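Coordinates from start.cif are shown below (mmCIF, C-alpha atoms and all ligand atoms).
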data_query
#
loop_
_atom_site.label_atom_id
_atom_site.label_comp_id
_atom_site.auth_asym_id
_atom_site.auth_seq_id
_atom_site.Cartn_x
_atom_site.Cartn_y
_atom_site.Cartn_z
CA MET Y 127 47.94 9.97 4.30
CA LYS Y 128 45.05 7.51 4.35
CA ILE Y 129 42.18 8.94 6.37
CA VAL Y 130 38.95 7.18 7.30
CA SER Y 131 36.05 9.64 7.73
CA ILE Y 132 33.04 8.38 9.64
CA ILE Y 133 29.61 9.89 9.07
CA GLY Y 134 26.05 8.66 9.46
CA ALA Y 135 23.52 11.39 10.29
CA ARG Y 136 22.12 14.34 8.32
CA PRO Y 137 24.21 17.13 9.91
CA GLN Y 138 27.37 15.07 9.33
CA PHE Y 139 26.73 14.91 5.60
CA VAL Y 140 26.51 18.71 5.53
CA LYS Y 141 29.81 19.00 7.45
CA ALA Y 142 31.64 16.28 5.51
CA GLY Y 143 30.84 17.68 2.05
CA PRO Y 144 33.46 20.45 1.95
CA VAL Y 145 36.00 18.59 4.09
CA SER Y 146 35.86 15.52 1.88
CA ALA Y 147 36.44 17.64 -1.25
CA ALA Y 148 39.42 19.42 0.34
CA LEU Y 149 40.91 16.22 1.76
CA ARG Y 150 40.80 14.36 -1.55
CA GLN Y 151 42.97 16.98 -3.25
CA ARG Y 152 46.00 15.63 -1.39
CA HIS Y 153 45.02 12.51 0.54
CA ALA Y 154 43.31 9.15 0.21
CA GLU Y 155 39.96 9.39 2.00
CA VAL Y 156 37.94 6.28 2.82
CA LEU Y 157 34.37 7.25 3.60
CA VAL Y 158 32.32 5.18 6.07
CA HIS Y 159 28.55 5.74 6.31
CA THR Y 160 27.20 4.00 9.40
CA GLY Y 161 23.62 4.06 8.10
CA GLN Y 162 22.29 5.91 11.17
CA HIS Y 163 20.18 8.00 8.79
CA TYR Y 164 19.03 5.99 5.82
CA ASP Y 165 15.92 7.43 4.14
CA ASP Y 166 16.72 9.03 0.79
CA ASN Y 167 15.63 12.45 2.05
CA MET Y 168 17.79 12.10 5.19
CA SER Y 169 20.88 10.74 3.43
CA ALA Y 170 21.16 10.18 -0.36
CA VAL Y 171 19.91 13.68 -1.26
CA PHE Y 172 22.80 15.23 0.70
CA PHE Y 173 25.40 13.11 -1.11
CA ASP Y 174 23.90 14.25 -4.45
CA GLU Y 175 23.54 17.93 -3.61
CA LEU Y 176 26.85 18.34 -1.77
CA GLY Y 177 28.81 16.23 -4.26
CA ILE Y 178 29.96 13.77 -1.60
CA PRO Y 179 31.50 10.64 -3.12
CA ALA Y 180 29.64 7.38 -2.54
CA PRO Y 181 30.66 5.77 0.76
CA ASP Y 182 33.38 3.12 0.49
CA HIS Y 183 31.72 1.26 3.35
CA TYR Y 184 27.99 1.41 4.13
CA LEU Y 185 27.32 -0.31 7.45
CA GLY Y 186 23.51 -0.24 7.38
CA ILE Y 187 23.13 0.36 11.13
CA GLY Y 188 20.15 2.62 11.84
CA GLY Y 189 17.19 2.62 14.23
CA GLY Y 190 16.72 0.90 17.56
CA HIS Y 191 17.88 1.83 21.04
CA HIS Y 192 20.93 4.06 21.18
CA GLY Y 193 23.11 1.67 23.20
CA ALA Y 194 22.53 -1.20 20.78
CA MET Y 195 22.97 1.09 17.77
CA THR Y 196 26.27 2.43 19.09
CA GLY Y 197 27.49 -1.07 19.99
CA ARG Y 198 26.77 -2.47 16.56
CA MET Y 199 28.53 0.50 14.97
CA LEU Y 200 31.56 -0.02 17.22
CA GLY Y 201 32.02 -3.61 16.05
CA ALA Y 202 31.45 -2.85 12.38
CA ILE Y 203 33.74 0.21 12.34
CA GLU Y 204 36.48 -1.82 14.03
CA GLN Y 205 36.34 -4.32 11.17
CA VAL Y 206 36.65 -1.52 8.61
CA LEU Y 207 39.60 0.07 10.44
CA LEU Y 208 41.39 -3.29 10.73
CA ALA Y 209 40.99 -3.79 6.99
CA GLU Y 210 41.86 -0.22 5.94
CA GLN Y 211 44.72 0.51 8.41
CA PRO Y 212 44.36 4.32 8.13
CA GLY Y 213 46.83 6.84 9.56
CA ARG Y 214 43.97 8.84 11.08
CA VAL Y 215 40.22 8.78 11.69
CA LEU Y 216 38.01 11.84 11.26
CA VAL Y 217 34.70 12.17 13.14
CA TYR Y 218 32.12 14.97 13.13
CA GLY Y 219 29.79 16.49 15.70
CA ASP Y 220 28.01 14.60 18.43
CA THR Y 221 25.94 11.67 17.19
CA ASN Y 222 26.15 7.98 18.01
CA SER Y 223 28.16 7.59 14.79
CA THR Y 224 30.70 10.10 16.20
CA LEU Y 225 31.02 8.20 19.47
CA ALA Y 226 31.33 4.78 17.84
CA GLY Y 227 33.92 6.06 15.35
CA ALA Y 228 36.08 7.74 17.98
CA LEU Y 229 35.91 4.74 20.30
CA ALA Y 230 36.66 2.15 17.62
CA ALA Y 231 39.68 4.14 16.43
CA SER Y 232 41.09 4.80 19.89
CA LYS Y 233 40.88 1.10 20.83
CA LEU Y 234 43.09 0.40 17.81
CA HIS Y 235 45.43 3.30 18.72
CA ILE Y 236 44.55 5.19 15.55
CA PRO Y 237 44.64 8.97 16.15
CA VAL Y 238 41.26 10.71 16.02
CA ALA Y 239 40.48 14.21 14.74
CA HIS Y 240 37.15 15.63 15.95
CA VAL Y 241 35.49 18.27 13.79
CA GLU Y 242 33.20 20.55 15.85
CA ALA Y 243 34.97 19.68 19.09
CA GLY Y 244 34.54 21.57 22.37
CA LEU Y 245 30.82 22.34 22.16
CA ARG Y 246 28.94 21.97 25.43
CA SER Y 247 25.34 22.39 26.54
CA PHE Y 248 26.26 21.37 30.12
CA ASN Y 249 23.15 19.18 30.03
CA ARG Y 250 24.20 15.57 30.42
CA ALA Y 251 20.64 14.36 29.91
CA MET Y 252 21.22 15.00 26.20
CA PRO Y 253 22.65 12.00 24.36
CA GLU Y 254 24.66 14.43 22.23
CA GLU Y 255 26.43 15.90 25.29
CA ILE Y 256 27.72 12.47 26.34
CA ASN Y 257 28.79 11.70 22.78
CA ARG Y 258 30.74 14.94 22.37
CA VAL Y 259 32.42 14.82 25.79
CA VAL Y 260 33.64 11.27 25.18
CA ALA Y 261 34.67 11.97 21.57
CA ASP Y 262 36.67 15.03 22.68
CA HIS Y 263 38.52 13.06 25.33
CA LEU Y 264 39.40 10.34 22.80
CA SER Y 265 40.72 12.78 20.18
CA ASP Y 266 44.25 14.08 19.78
CA LEU Y 267 43.21 16.77 17.29
CA LEU Y 268 40.31 18.98 18.36
CA LEU Y 269 39.08 21.19 15.52
CA VAL Y 270 36.92 23.81 17.19
CA PRO Y 271 34.66 26.58 15.87
CA SER Y 272 35.15 29.23 18.58
CA GLU Y 273 37.08 30.50 21.60
CA THR Y 274 34.18 29.34 23.78
CA ALA Y 275 34.93 25.78 22.67
CA VAL Y 276 38.61 26.29 23.59
CA ARG Y 277 37.55 27.36 27.09
CA ASN Y 278 35.13 24.44 27.43
CA LEU Y 279 37.91 21.99 26.61
CA ALA Y 280 40.40 23.71 28.92
CA ALA Y 281 37.89 23.39 31.77
CA GLU Y 282 38.04 19.62 31.23
CA GLY Y 283 41.83 19.59 31.09
CA ILE Y 284 42.14 19.38 27.29
CA THR Y 285 44.64 21.98 26.07
CA ARG Y 286 46.85 20.05 23.64
CA GLY Y 287 45.86 19.59 19.99
CA VAL Y 288 43.12 22.24 20.15
CA HIS Y 289 42.85 24.36 16.97
CA VAL Y 290 40.34 27.11 16.23
CA VAL Y 291 39.50 26.49 12.58
CA GLY Y 292 35.94 27.88 12.47
CA ASP Y 293 32.70 26.13 11.67
CA VAL Y 294 32.71 24.08 8.49
CA MET Y 295 28.93 24.36 8.14
CA SER Y 296 29.64 27.91 6.96
CA ASP Y 297 31.45 26.49 3.92
CA SER Y 298 28.44 24.39 2.97
CA LEU Y 299 25.92 27.10 3.69
CA LEU Y 300 27.56 29.99 1.88
CA ALA Y 301 28.04 27.86 -1.25
CA ALA Y 302 24.54 26.38 -1.08
CA ASP Y 303 22.85 29.75 -0.56
CA VAL Y 304 23.93 30.91 -4.02
CA ARG Y 305 22.95 27.61 -5.66
CA ALA Y 306 19.65 27.40 -3.78
CA ARG Y 307 18.57 30.86 -4.93
CA ALA Y 308 19.31 29.89 -8.52
CA ARG Y 309 17.98 26.34 -8.52
CA SER Y 310 15.52 25.59 -5.71
CA THR Y 311 11.84 25.73 -6.65
CA VAL Y 312 10.62 24.98 -3.14
CA LEU Y 313 8.92 28.35 -2.56
CA ASP Y 314 6.84 27.97 -5.75
CA ARG Y 315 6.07 24.33 -5.06
CA LEU Y 316 4.72 25.18 -1.60
CA GLY Y 317 3.07 28.46 -2.66
CA LEU Y 318 5.19 30.54 -0.28
CA ALA Y 319 6.24 34.19 -0.49
CA GLU Y 320 9.52 35.58 0.89
CA ARG Y 321 9.01 36.55 4.58
CA GLY Y 322 5.46 35.18 4.39
CA PHE Y 323 6.04 32.19 6.66
CA LEU Y 324 7.89 30.77 9.65
CA LEU Y 325 10.13 27.72 9.28
CA VAL Y 326 10.18 25.12 12.06
CA THR Y 327 12.26 22.02 12.81
CA VAL Y 328 11.90 19.83 15.90
CA HIS Y 329 13.74 16.56 16.48
CA ARG Y 330 15.72 16.81 19.71
CA ALA Y 331 14.95 13.80 21.95
CA GLU Y 332 14.35 16.08 24.96
CA ASN Y 333 11.42 17.63 23.03
CA THR Y 334 10.02 14.70 21.05
CA ASP Y 335 10.24 12.12 23.81
CA ASP Y 336 8.45 14.27 26.40
CA PRO Y 337 4.73 14.49 25.53
CA LEU Y 338 4.33 17.68 27.59
CA ARG Y 339 7.13 19.48 25.77
CA LEU Y 340 6.08 18.23 22.33
CA GLY Y 341 2.45 19.10 23.03
CA ALA Y 342 3.41 22.62 24.16
CA ILE Y 343 5.53 23.18 21.04
CA LEU Y 344 2.77 21.99 18.69
CA ALA Y 345 0.19 24.14 20.49
CA ALA Y 346 2.46 27.19 20.30
CA LEU Y 347 2.90 26.75 16.53
CA GLY Y 348 -0.88 26.88 16.27
CA ASP Y 349 -0.79 30.24 18.06
CA ALA Y 350 1.77 31.75 15.66
CA GLY Y 351 -0.91 33.50 13.57
CA THR Y 352 0.81 32.80 10.24
CA THR Y 353 1.84 29.94 7.96
CA VAL Y 354 4.34 27.62 9.62
CA VAL Y 355 6.34 25.36 7.29
CA PHE Y 356 7.49 22.27 9.16
CA PRO Y 357 9.77 19.65 7.55
CA VAL Y 358 9.06 16.81 9.96
CA HIS Y 359 12.00 14.67 11.13
CA PRO Y 360 11.22 10.91 11.18
CA ARG Y 361 11.70 10.80 14.97
CA THR Y 362 9.04 13.49 15.42
CA ARG Y 363 6.72 11.93 12.83
CA GLY Y 364 7.00 8.60 14.69
CA VAL Y 365 6.24 10.04 18.13
CA MET Y 366 3.30 12.11 16.86
CA ALA Y 367 1.77 9.04 15.20
CA LYS Y 368 2.20 7.00 18.40
CA LEU Y 369 0.67 9.69 20.61
CA GLY Y 370 -2.04 10.63 18.09
CA LEU Y 371 -0.88 14.28 17.99
CA ALA Y 372 -2.01 16.53 15.12
CA PHE Y 373 -0.75 19.74 13.52
CA ALA Y 374 -2.72 22.98 13.85
CA PRO Y 375 -4.42 24.20 10.63
CA ASN Y 376 -1.84 26.98 10.00
CA VAL Y 377 1.00 24.44 10.09
CA MET Y 378 2.17 22.95 6.79
CA PRO Y 379 3.90 19.65 7.60
CA ILE Y 380 6.19 18.39 4.84
CA ASP Y 381 8.68 15.55 4.55
CA PRO Y 382 12.31 16.41 5.35
CA VAL Y 383 13.71 18.42 2.45
CA GLY Y 384 17.07 18.26 0.69
CA TYR Y 385 19.79 20.71 1.60
CA LEU Y 386 19.21 23.22 -1.21
CA ASP Y 387 15.48 23.43 -0.54
CA MET Y 388 16.21 23.77 3.18
CA VAL Y 389 18.65 26.61 2.67
CA ARG Y 390 16.13 28.36 0.39
CA LEU Y 391 13.39 27.95 3.00
CA GLU Y 392 15.70 29.22 5.75
CA GLY Y 393 16.74 32.25 3.74
CA ALA Y 394 13.16 33.18 2.84
CA ALA Y 395 11.54 32.62 6.25
CA ARG Y 396 10.48 35.57 8.39
CA MET Y 397 11.76 33.65 11.40
CA ILE Y 398 13.07 30.18 12.19
CA LEU Y 399 11.95 28.20 15.23
CA THR Y 400 14.08 25.14 15.92
CA ASP Y 401 15.78 22.80 18.33
CA SER Y 402 18.47 21.88 15.80
CA GLY Y 403 22.10 22.79 16.35
CA GLY Y 404 22.97 23.34 12.71
CA VAL Y 405 19.85 25.32 11.90
CA GLN Y 406 20.60 27.89 14.66
CA LYS Y 407 23.90 28.74 12.99
CA GLU Y 408 22.45 28.76 9.49
CA ALA Y 409 19.74 31.20 10.61
CA TYR Y 410 22.46 33.48 12.01
CA TRP Y 411 24.60 33.42 8.87
CA LEU Y 412 21.54 34.09 6.70
CA GLY Y 413 20.41 36.95 8.94
CA VAL Y 414 17.09 35.35 9.85
CA PRO Y 415 15.86 35.69 13.47
CA CYS Y 416 16.01 32.36 15.32
CA VAL Y 417 13.92 31.17 18.24
CA THR Y 418 15.43 28.10 19.88
CA MET Y 419 12.98 25.77 21.59
CA ARG Y 420 15.48 24.43 24.11
CA ASP Y 421 16.54 25.33 27.64
CA GLU Y 422 20.17 25.87 26.66
CA THR Y 423 22.30 26.04 23.54
CA GLU Y 424 25.87 25.22 22.60
CA TRP Y 425 25.86 28.22 20.23
CA VAL Y 426 25.84 30.85 22.98
CA GLU Y 427 27.38 33.59 20.82
CA THR Y 428 24.24 33.74 18.67
CA VAL Y 429 22.18 34.38 21.82
CA GLU Y 430 24.64 37.01 23.09
CA ALA Y 431 24.43 38.75 19.70
CA GLY Y 432 20.66 39.03 20.18
CA TRP Y 433 19.78 37.00 17.06
CA ASN Y 434 18.81 33.76 18.84
CA LEU Y 435 16.23 33.63 21.63
CA LEU Y 436 16.06 30.65 23.99
CA VAL Y 437 12.44 29.92 24.93
CA GLY Y 438 12.45 26.30 26.08
CA ALA Y 439 9.31 24.30 25.32
CA ASN Y 440 7.03 26.91 26.88
CA ARG Y 441 3.86 27.50 24.86
CA GLU Y 442 3.43 31.17 25.78
CA ARG Y 443 7.08 32.07 25.28
CA ILE Y 444 7.27 30.33 21.90
CA ALA Y 445 4.03 31.90 20.67
CA HIS Y 446 5.04 35.37 21.89
CA ALA Y 447 8.47 35.08 20.29
CA SER Y 448 6.98 33.88 16.99
CA ARG Y 449 5.03 37.13 16.78
CA HIS Y 450 7.36 39.68 18.34
CA PHE Y 451 11.02 38.59 18.43
CA ALA Y 452 13.16 41.20 16.68
CA PRO Y 453 16.97 41.05 16.73
CA PRO Y 454 19.20 44.16 16.74
CA ALA Y 455 20.60 45.65 13.53
CA ALA Y 456 24.18 44.53 14.20
CA ARG Y 457 25.13 40.94 13.39
CA PRO Y 458 28.80 40.42 14.25
CA PHE Y 459 30.93 37.82 12.45
CA LEU Y 460 30.62 34.41 14.10
CA TYR Y 461 32.20 30.99 13.65
CA GLY Y 462 32.78 30.65 9.94
CA ASP Y 463 34.00 32.43 6.82
CA GLY Y 464 33.28 29.65 4.34
CA GLN Y 465 36.98 28.69 4.19
CA VAL Y 466 37.06 26.24 7.08
CA ALA Y 467 37.55 22.93 5.25
CA GLY Y 468 40.94 24.03 3.91
CA ARG Y 469 42.06 24.93 7.45
CA ILE Y 470 40.88 21.54 8.72
CA VAL Y 471 43.03 19.77 6.13
CA THR Y 472 46.16 21.86 6.76
CA THR Y 473 45.73 21.39 10.52
CA ILE Y 474 45.51 17.63 10.07
CA GLU Y 475 48.66 17.75 7.91
CA GLY Y 476 50.49 19.92 10.44
C1 LIG K 501 20.37 11.95 15.56
C2 LIG K 501 21.41 12.45 16.55
C3 LIG K 501 21.19 13.91 16.85
C4 LIG K 501 21.13 14.73 15.57
C5 LIG K 501 20.09 14.14 14.63
C6 LIG K 501 20.13 14.89 13.33
C7 LIG K 501 22.19 10.80 18.19
C8 LIG K 501 22.13 10.38 19.61
N1 LIG K 501 21.32 11.73 17.82
O1 LIG K 501 19.10 12.02 16.18
O2 LIG K 501 22.27 14.39 17.63
O3 LIG K 501 20.79 16.05 15.90
O4 LIG K 501 20.40 12.77 14.39
O5 LIG K 501 18.97 14.75 12.59
O6 LIG K 501 23.01 10.32 17.46
N2 LIG K 501 14.78 7.41 11.27
C9 LIG K 501 14.12 7.12 10.11
N3 LIG K 501 14.75 7.41 8.92
C10 LIG K 501 16.01 7.95 8.87
C11 LIG K 501 16.64 8.25 10.08
C12 LIG K 501 16.02 7.98 11.27
O7 LIG K 501 13.00 6.62 10.10
O8 LIG K 501 16.52 8.16 7.77
C13 LIG K 501 14.14 7.08 12.56
C14 LIG K 501 14.97 6.01 13.28
O9 LIG K 501 14.61 4.74 12.90
C15 LIG K 501 14.68 6.32 14.72
C16 LIG K 501 14.41 7.82 14.74
O10 LIG K 501 14.18 8.21 13.40
O11 LIG K 501 13.53 5.65 15.14
C17 LIG K 501 15.54 8.58 15.35
O12 LIG K 501 16.77 8.35 14.66
P1 LIG K 501 18.17 8.32 15.46
O13 LIG K 501 19.27 8.21 14.47
O14 LIG K 501 18.12 7.36 16.57
O15 LIG K 501 18.26 9.72 16.16
P2 LIG K 501 17.88 11.18 15.67
O16 LIG K 501 16.71 11.64 16.44
O17 LIG K 501 17.79 11.19 14.19
N1 LIG K 502 18.26 20.11 7.08
C1 LIG K 502 17.84 19.79 5.79
N2 LIG K 502 16.52 19.43 5.60
C2 LIG K 502 15.62 19.38 6.61
C3 LIG K 502 16.06 19.72 7.92
C4 LIG K 502 17.39 20.07 8.12
O1 LIG K 502 18.62 19.85 4.84
O2 LIG K 502 14.46 19.02 6.37
C5 LIG K 502 19.68 20.46 7.29
C6 LIG K 502 19.91 21.80 7.95
O3 LIG K 502 19.87 22.84 7.01
C7 LIG K 502 21.28 21.60 8.58
C8 LIG K 502 21.25 20.16 8.99
O4 LIG K 502 20.23 19.53 8.19
O5 LIG K 502 22.30 21.79 7.64
C9 LIG K 502 20.93 20.07 10.45
O6 LIG K 502 20.60 18.78 10.79
P1 LIG K 502 19.67 18.44 12.04
O7 LIG K 502 18.82 19.60 12.41
O8 LIG K 502 19.00 17.17 11.68
O9 LIG K 502 20.74 18.08 13.17
P2 LIG K 502 21.53 18.92 14.26
O10 LIG K 502 22.24 20.04 13.57
O11 LIG K 502 20.54 19.38 15.28
O12 LIG K 502 22.46 17.93 14.86
#

Produce structure tokens that represent the structure in this file.
Ligand code: UD1
Ligand code: UDP
Amino acid sequence: MKIVSIIGARPQFVKAGPVSAALRQRHAEVLVHTGQHYDDNMSAVFFDELGIPAPDHYLGIGGGHHGAMTGRMLGAIEQVLLAEQPGRVLVYGDTNSTLAGALAASKLHIPVAHVEAGLRSFNRAMPEEINRVVADHLSDLLLVPSETAVRNLAAEGITRGVHVVGDVMSDSLLAADVRARARSTVLDRLGLAERGFLLVTVHRAENTDDPLRLGAILAALGDAGTTVVFPVHPRTRGVMAKLGLAFAPNVMPIDPVGYLDMVRLEGAARMILTDSGGVQKEAYWLGVPCVTMRDETEWVETVEAGWNLLVGANRERIAHASRHFAPPAARPFLYGDGQVAGRIVTTIEG
């Protein structure tokens, strides 16, 4: 079968790596990169490190307001689909690239498979929540990571085409962990010792685009009492420059890092503080305590297991958690066994 896969943002490169490799064993994959993320350290490095083939179509659509971005993607993806005439379109996650891909395909009556379907924060102020709800309703194959996702879909009337395959980020992570330990020099380069630092990522619009929330998070990192390594997302870098916000002296801001360096940093951190979706799961799989600086999470099982603490953007709660949060000894199996890409491909074939 000819399958068009549509990706464009950092977490989608991580998800597409193993799926693309598994798909190409038996099918013709045409890879479309929308260009939503375009800096080398947000895009090219992931293609290199995850062995993702060069995109067949690079649309070059990044930046600007989200409506305009999504609209331009919609038109450009439609042109690609008209030219390629695939039997199916594959989309990942919850970005504008996901929404545009699913919408373009469904308008041409091409069936859509959604990887990481069924996740919900129940917060419609998040752009990602709108993107994933719409993408799910446009898809005929919903490839979900958990029973919670099955229930979320059922609550919206979606019961056909739902398959629990697990979370494909586990495939990428488990493979990268071994390679990162062997190859990454990031700890030496930054002068870090194992468990001697906290790792932080912040990019969620609800945090960066609200000066009170961003200010509280930055202040809390200053209260952490230890070295805080912070690969700064371009959205966050941009807002901080505009508002004239600075990092506290114990915070080590660095440019976004490649996947292997990131996995090494995650694995060596004493704790991870984040508002990322992917990073919450990676922390869990690596057995590193995670403090999530959001008011809710889609990955509720990690919270129920006691390994992920939701603290919002509250300065005191973040600072307290950064010093004292300690998960229980037990860490039950969640989401992924590292064999998810193969199940995605056989489900698509079935
Ligand atoms: C997007 C996704 C979000 C995902 C995140 C992963 C949407 C609505 N949001 O958010 O779900 O968690 O990616 O990181 O799709 N920029 C650069 N260089 C780049 C990429 C972006 O400078 O390589 C700048 C853009 O020009 C823009 C800002 O960063 O000004 C935000 O980028 P955008 O793609 O709009 O959203 P993200 O915050 O990255
Ligand atoms: N990541 C990375 N380098 C960084 C920050 C994140 O490689 O500097 C990886 C991270 O390990 C995970 C993915 O990017 O695999 C998550 O992407 P992000 O946090 O941007 O998006 P989200 O998961 O929140 O949609």

- [ ] Throw together the list of residues within 6 Å of ligand LIG 501 (chain K), counting only C-alpha atoms and all ligand atoms, and drop it here as an MDAnalysis selection string.
- [x] chainID Y and resid 135:137 162:165 168 189 220:222 253:254 329 360:361

Keeping C-alpha atoms, export the residues of the selection given above as an mmCIF file, in the coordinates of the input.
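The new file selection24.cif reads:
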data_model
loop_
_atom_site.group_PDB
_atom_site.id
_atom_site.type_symbol
_atom_site.label_atom_id
_atom_site.label_comp_id
_atom_site.auth_asym_id
_atom_site.auth_seq_id
_atom_site.Cartn_x
_atom_site.Cartn_y
_atom_site.Cartn_z
ATOM 1 C CA ALA Y 135 23.520 11.390 10.290
ATOM 2 C CA ARG Y 136 22.120 14.340 8.320
ATOM 3 C CA PRO Y 137 24.210 17.130 9.910
ATOM 4 C CA GLN Y 162 22.290 5.910 11.170
ATOM 5 C CA HIS Y 163 20.180 8.000 8.790
ATOM 6 C CA TYR Y 164 19.030 5.990 5.820
ATOM 7 C CA ASP Y 165 15.920 7.430 4.140
ATOM 8 C CA MET Y 168 17.790 12.100 5.190
ATOM 9 C CA GLY Y 189 17.190 2.620 14.230
ATOM 10 C CA ASP Y 220 28.010 14.600 18.430
ATOM 11 C CA THR Y 221 25.940 11.670 17.190
ATOM 12 C CA ASN Y 222 26.150 7.980 18.010
ATOM 13 C CA PRO Y 253 22.650 12.000 24.360
ATOM 14 C CA GLU Y 254 24.660 14.430 22.230
ATOM 15 C CA HIS Y 329 13.740 16.560 16.480
ATOM 16 C CA PRO Y 360 11.220 10.910 11.180
ATOM 17 C CA ARG Y 361 11.700 10.800 14.970
#

Could you tell me, counting all atoms listed in the file, which protein and nucleic acid residues lie no more than 6 Å from ligand LIG 502 (chain K), written as a JSON list (two decimals) with C-alpha atoms, keeping the file's coordinate frame?
[["chain", "number", "residue", "atom", "x", "y", "z"],
["Y", 136, "ARG", "CA", 22.12, 14.34, 8.32],
["Y", 137, "PRO", "CA", 24.21, 17.13, 9.91],
["Y", 140, "VAL", "CA", 26.51, 18.71, 5.53],
["Y", 357, "PRO", "CA", 9.77, 19.65, 7.55],
["Y", 382, "PRO", "CA", 12.31, 16.41, 5.35],
["Y", 383, "VAL", "CA", 13.71, 18.42, 2.45],
["Y", 384, "GLY", "CA", 17.07, 18.26, 0.69],
["Y", 385, "TYR", "CA", 19.79, 20.71, 1.60],
["Y", 388, "MET", "CA", 16.21, 23.77, 3.18],
["Y", 389, "VAL", "CA", 18.65, 26.61, 2.67],
["Y", 402, "SER", "CA", 18.47, 21.88, 15.80],
["Y", 403, "GLY", "CA", 22.10, 22.79, 16.35],
["Y", 404, "GLY", "CA", 22.97, 23.34, 12.71],
["Y", 405, "VAL", "CA", 19.85, 25.32, 11.90]]

note - atom CA of Val130 of chain Y and atom CA of Val206 of chain Y are separated by 9.1 Å

Check your understanding: Of the candidates Y:Trp425, Y:Phe451, Y:Phe173, Y:Phe459, which shows the shortest atom-to-atom distance to Leu245 of chain Y, using all atoms listed in the file?
Key ->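 Of Y:Trp425, Y:Phe451, Y:Phe173, Y:Phe459, the one nearest Leu245 of chain Y, counting all atoms listed in the file, is Y:Trp425.
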
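Of the residues under consideration (Y:Lys128, Y:Met195, Y:Leu340, Y:Gln406), Y:Lys128 shows the shortest atom-to-atom contact distance to Ile236 of chain Y when counting only C-alpha atoms.
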
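Atom pair atom CA of Glu242 of chain Y / atom CA of Ser310 of chain Y has a distance of 28.3 Å (rounded to one decimal).
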
inquiry  = Measuring between all atoms listed in the file, which one of Y:Thr473, Y:Ser296, Y:Thr352, Y:Thr196 shows the shortest distance to Tyr410 of chain Y?
reply    =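 For Tyr410 of chain Y, the nearest of the given residues is Y:Ser296.
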
In terms of only C-alpha atoms, the residue from Y:Asp297, Y:Asp336, Y:Glu320, Y:Asp463 at minimal distance from Ser146 of chain Y is Y:Asp297

Exercise for the section: For segment 271-281 of chain Y, work out the shell of residues within 8 Å, counting all atoms listed in the file and skipping chain neighbours fewer than 5 positions away, then give it as a list in words. Expected result: Glu242, Ala243, Gly244, Leu245, Arg246, Val288, Val290, Val291, Gly292, Asp293, Tyr461 and Gly462 of chain Y

Exercise for the section: Name the residues in contact with Ala342 of chain Y at a cut-off of 8 Å, using only C-alpha atoms, excluding same-chain residues fewer than 3 positions from it; report them as a list in words. Expected result: Leu338, Arg339, Ala345, Ala346, Ala439, Asn440 and Arg441 of chain Y

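Nearest to Val156 of chain Y of all the residues Y:Asp174, Y:Asp349, Y:Glu210, Y:Glu204 is Y:Glu210, counting all atoms listed in the file.
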
For Glu442 of chain Y: contacts at 12 Å, only C-alpha atoms, fewer than 5 positions along chain excluded, given as a ChimeraX atom specification
/Y:342-350,419,437,447-450

*Which polymer residues have any atom within 12 Å of an atom of Val238 of chain Y, counting only C-alpha atoms, with same-chain residues fewer than 6 positions away left out, as a ChimeraX atom specification?*
/Y:129-132,212-218,224-232,260-269,287,474

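For the pair atom CA of Ile133 of chain Y and atom CA of His240 of chain Y, the interatomic distance is 11.7 Å.
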
| Looking at Y:Met378, Y:Leu399, Y:Val304, Y:Ile256, which one is nearest to Leu316 of chain Y, with distances taken over only C-alpha atoms? |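 Distance minimum relative to Leu316 of chain Y lands on Y:Met378.
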